[in-house]
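Engineer: This is the structure I want to talk about, given as structure tokens.
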Amino acid sequence: MAIKNFIVHEVHEGADIPPVLRKEENVKDDKAEELSSQISKLFGTTGVSIGRFTPPEENEGIEPAFQRRLEEYYIKNSFSNFLKFTEDSTNSFKKELDESKSGKGGFLLFNHYDHKGESFLSIILLRNKSGMIISETLTLDKIESLDLDKLHMAARINLSKWLSGSSDKYISFKIGRSANDVRDYFSNFIGCSEFKKTAIDTSNLVRAIRDWCKRNEFEDEITNNVRNTVKEYCLDRLNTEKPAELDKISEMLDSRYEPKEKGLFLKVAQEDYELNNEISLDRMALRGFTRFSGRTKDFSISFESSLLNKIIHYNKETGILKIDKIPTELENQIIGNEQKT
């Protein structure tokens with residue numbers, strides 16, 4: 001990894017508090033290299049969504065401001081004025097922050113670097129955390145350090161792919177565990193709304209798989225195998241920061257199972273659930289593939305994981321599973337049996 005430009009600005013919430021802007025770029029020293037490397041590794045872990053700049057036709061014919069700014073300052077694989085680009089971007093971020101109702105500021109880091117023959121720009125929102133250290137005199141001292149464990153929001157743009165048009169999935173979002181307060185205004189700042197759709201698209205993928213299994217009248221065992229097969233594929237794509245490809249899933253299902261009609265899954269996913277061939281994935285929504293089941297010699301039970309904590313509740317202290325609503329057919333059987341006895 002070779003850092004080309006690196007700078008940090010500071011933004012606070014409050015309309016009357018202007019951003020704290022550096023007057024020159026940060027030094028590209030060992031500390032900058034270490035921080036850049038740590039952040040880059042975060043994009044290779046869990047919780048990454050992939051998207052693109054919102055197309056003009058989906059945004060009243062207007063390109064996102066961040067994209068227009070890139071087009072102005074990023075010329076021939078280098079920034080004509082990185083300092084001015086980040087100042088303008090930070091002021092734009094500050095505007096989005098002030099318009100949000102619950103947003104919080106922090107340190108806005110811009111990192112332009114080359115890696116494996118491609119150019120990237122990372123924009124990361126970081127905050128400090130308090131901690132304790134034991135000093136050389138064995139006393140306890142308070143310190144403040146960057147909270148990388150709870151990364152609030154980061155976007156990484158593959159500038160090479162964006163410029164070449166070789167892919168429409170060139171923005172990666174890393175959403176931290178405490179990112180709800182910055183999710184919307186950060187995405188508005190970057191001009192990428194697509195990553196918000198990942199949970200919806202992933203949920204629709206889960207539904208399309210369920211529908212496909214029903215149409216093929218698969219028994220429970222085969223259906224569970226199908227779910228696990230697709231879930232493993234999706235997790236692999238997530239971990240390698242790649243979108244799921246519906247045509248590849250369709251080919252995989254047709255070759256491993258015996259559907260009534262070849263290519264039916266692709267038809268179901270695209271026509272009934274309006275999914276594009278390439279979809280970005282949401283790790284939480286993939287839980288919809290999981291179905292809980294168990295049996296004893298006296299009874300068996302099976303239900304979708306999505307029902308847990310909704311109409312089915314489990315108390316791990318008592319070991320009691322509570323069902324708020326049972327199937328009408330089962331209820332009628334129970335009532336009928338009571339009347340007979």
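By order of appearance in the structure tokens: chains A, B, ..., then residues from 1 within every chain, and ligands from 1 in the order shown.
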Which neighbours of Gly117 (chain A) fall inside 12 Å, counting only C-alpha atoms, when residues of the same chain fewer than 6 positions from it are skipped, and could you give them as a VMD selection string?
Structural biologist: chain A and resid 1 to 2 77 158 to 161
Engineer: Enumerate the residues of region 55-304 of chain A with a DSSP assignment of alpha helix (DSSP H), computed from the backbone, and present them as a count of residues only.
Structural biologist: 94
Engineer: Show which residues sit within 10 Å of region 244-257 of chain A, as a PyMOL selection string. Count only C-alpha atoms, and ignore same-chain residues fewer than 3 positions away.
Structural biologist: chain A and resi 202+205+209+218+222+225-226+229-230+233-238+241+260-267+269-270+275-281
Engineer: Just the residues within 12 Å of Lys31 (chain A), please, counting only C-alpha atoms, with nothing from its chain fewer than 5 positions along; format it as a tab-separated table (two decimals) with all heavy atoms, in the first residue's frame.
Structural biologist:
chain	number	residue	atom	x	y	z
A	3	ILE	N	0.64	5.30	0.25
A	3	ILE	CA	-0.18	6.48	0.49
A	3	ILE	C	0.26	7.62	-0.42
A	3	ILE	O	1.45	7.95	-0.50
A	3	ILE	CB	-0.08	6.93	1.96
A	3	ILE	CG1	-0.66	5.85	2.89
A	3	ILE	CG2	-0.83	8.24	2.18
A	3	ILE	CD1	-0.56	6.21	4.35
A	6	PHE	N	-3.04	12.19	2.42
A	6	PHE	CA	-3.59	11.79	3.72
A	6	PHE	C	-3.87	13.05	4.52
A	6	PHE	O	-2.98	13.90	4.69
A	6	PHE	CB	-2.57	10.90	4.44
A	6	PHE	CG	-3.07	10.28	5.71
A	6	PHE	CD1	-3.66	9.02	5.70
A	6	PHE	CD2	-2.93	10.92	6.93
A	6	PHE	CE1	-4.10	8.42	6.86
A	6	PHE	CE2	-3.38	10.33	8.11
A	6	PHE	CZ	-3.96	9.07	8.06
A	26	ASN	N	-1.59	15.91	6.15
A	26	ASN	CA	-0.83	15.23	7.19
A	26	ASN	C	0.42	14.58	6.60
A	26	ASN	O	0.44	14.20	5.42
A	26	ASN	CB	-1.68	14.15	7.87
A	26	ASN	CG	-2.77	14.74	8.74
A	26	ASN	OD1	-3.76	15.26	8.24
A	26	ASN	ND2	-2.58	14.69	10.04
A	36	SER	N	-3.61	3.68	8.15
A	36	SER	CA	-4.16	3.35	6.83
A	36	SER	C	-4.28	1.84	6.65
A	36	SER	O	-5.28	1.34	6.14
A	36	SER	CB	-3.27	3.94	5.73
A	36	SER	OG	-3.76	3.60	4.46
A	37	SER	N	-3.28	1.12	7.11
A	37	SER	CA	-3.30	-0.34	6.99
A	37	SER	C	-4.39	-0.95	7.86
A	37	SER	O	-5.11	-1.87	7.42
A	37	SER	CB	-1.93	-0.91	7.41
A	37	SER	OG	-1.93	-2.32	7.35
A	38	GLN	N	-4.56	-0.45	9.07
A	38	GLN	CA	-5.60	-0.96	9.97
A	38	GLN	C	-6.99	-0.74	9.37
A	38	GLN	O	-7.84	-1.64	9.40
A	38	GLN	CB	-5.52	-0.26	11.33
A	38	GLN	CG	-4.36	-0.70	12.19
A	38	GLN	CD	-4.42	-0.06	13.57
A	38	GLN	OE1	-5.41	-0.18	14.29
A	38	GLN	NE2	-3.38	0.65	13.95
Engineer: Taking 5 positions as the minimum chain separation for residues in the same chain, which residues sit within 12 Å of Arg69 (chain A) when counting only C-alpha atoms? Answer as a compact mmCIF listing (two decimals) with C-alpha atoms, in the first residue's frame.
Structural biologist:
# COMPACT_ATOMS: atom_id res chain seq x y z
CA GLU A 63 -25.02 13.73 -10.15
CA PRO A 64 -24.13 13.49 -6.43
CA TYR A 74 -9.24 13.88 -9.61
CA ILE A 75 -7.49 14.16 -12.97
CA PHE A 79 -5.64 15.01 -7.25
CA SER A 80 -4.96 18.46 -8.63
CA ASN A 81 -5.58 19.97 -5.18
CA PHE A 82 -6.24 17.35 -2.50
CA LYS A 84 -9.15 21.94 -1.47
CA PHE A 85 -11.01 18.76 -2.38
CA THR A 86 -11.12 17.62 1.26
CA GLU A 87 -12.01 21.11 2.54
CA ASP A 88 -15.00 21.31 0.19
CA SER A 89 -15.98 17.73 1.07
CA THR A 90 -15.76 18.39 4.81
CA SER A 92 -20.45 19.36 2.55
CA PHE A 189 -22.74 12.97 1.83
CA ILE A 190 -21.09 10.34 -0.39
CA GLY A 191 -24.06 10.22 -2.76
Engineer: Using only C-alpha atoms, determine which residues lie at most 12 Å from Pro327 (chain A), disregarding the query and same-chain residues fewer than 5 positions distant; provide the list as a list of chain:residue names.
Structural biologist: A:Phe303, A:Ile311, A:Asn332, A:Gln333, A:Ile334
Engineer: Could you write those residues out with C-alpha atoms, as a JSON list (two decimals), in the first residue's frame?
Structural biologist:
[["chain", "number", "residue", "atom", "x", "y", "z"],
["A", 303, "PHE", "CA", -39.80, -22.41, 12.43],
["A", 311, "ILE", "CA", -44.24, -14.35, 17.70],
["A", 332, "ASN", "CA", -58.66, -26.39, 15.45],
["A", 333, "GLN", "CA", -57.22, -29.84, 16.12],
["A", 334, "ILE", "CA", -56.58, -28.97, 19.77]]
Engineer: Please identify all polymer residues within 6 Å of region 99-113 of chain A, counting only C-alpha atoms, omitting same-chain residues fewer than 4 positions from it, and present them as a PyMOL selection string.
Structural biologist: chain A and resi 2-13+119-127+181-182
Engineer: Looking at A:Glu274, A:Leu70, A:Asn59, A:Lys310, which one is nearest to Leu163 (chain A), with distances taken over only C-alpha atoms?
Structural biologist: A:Leu70
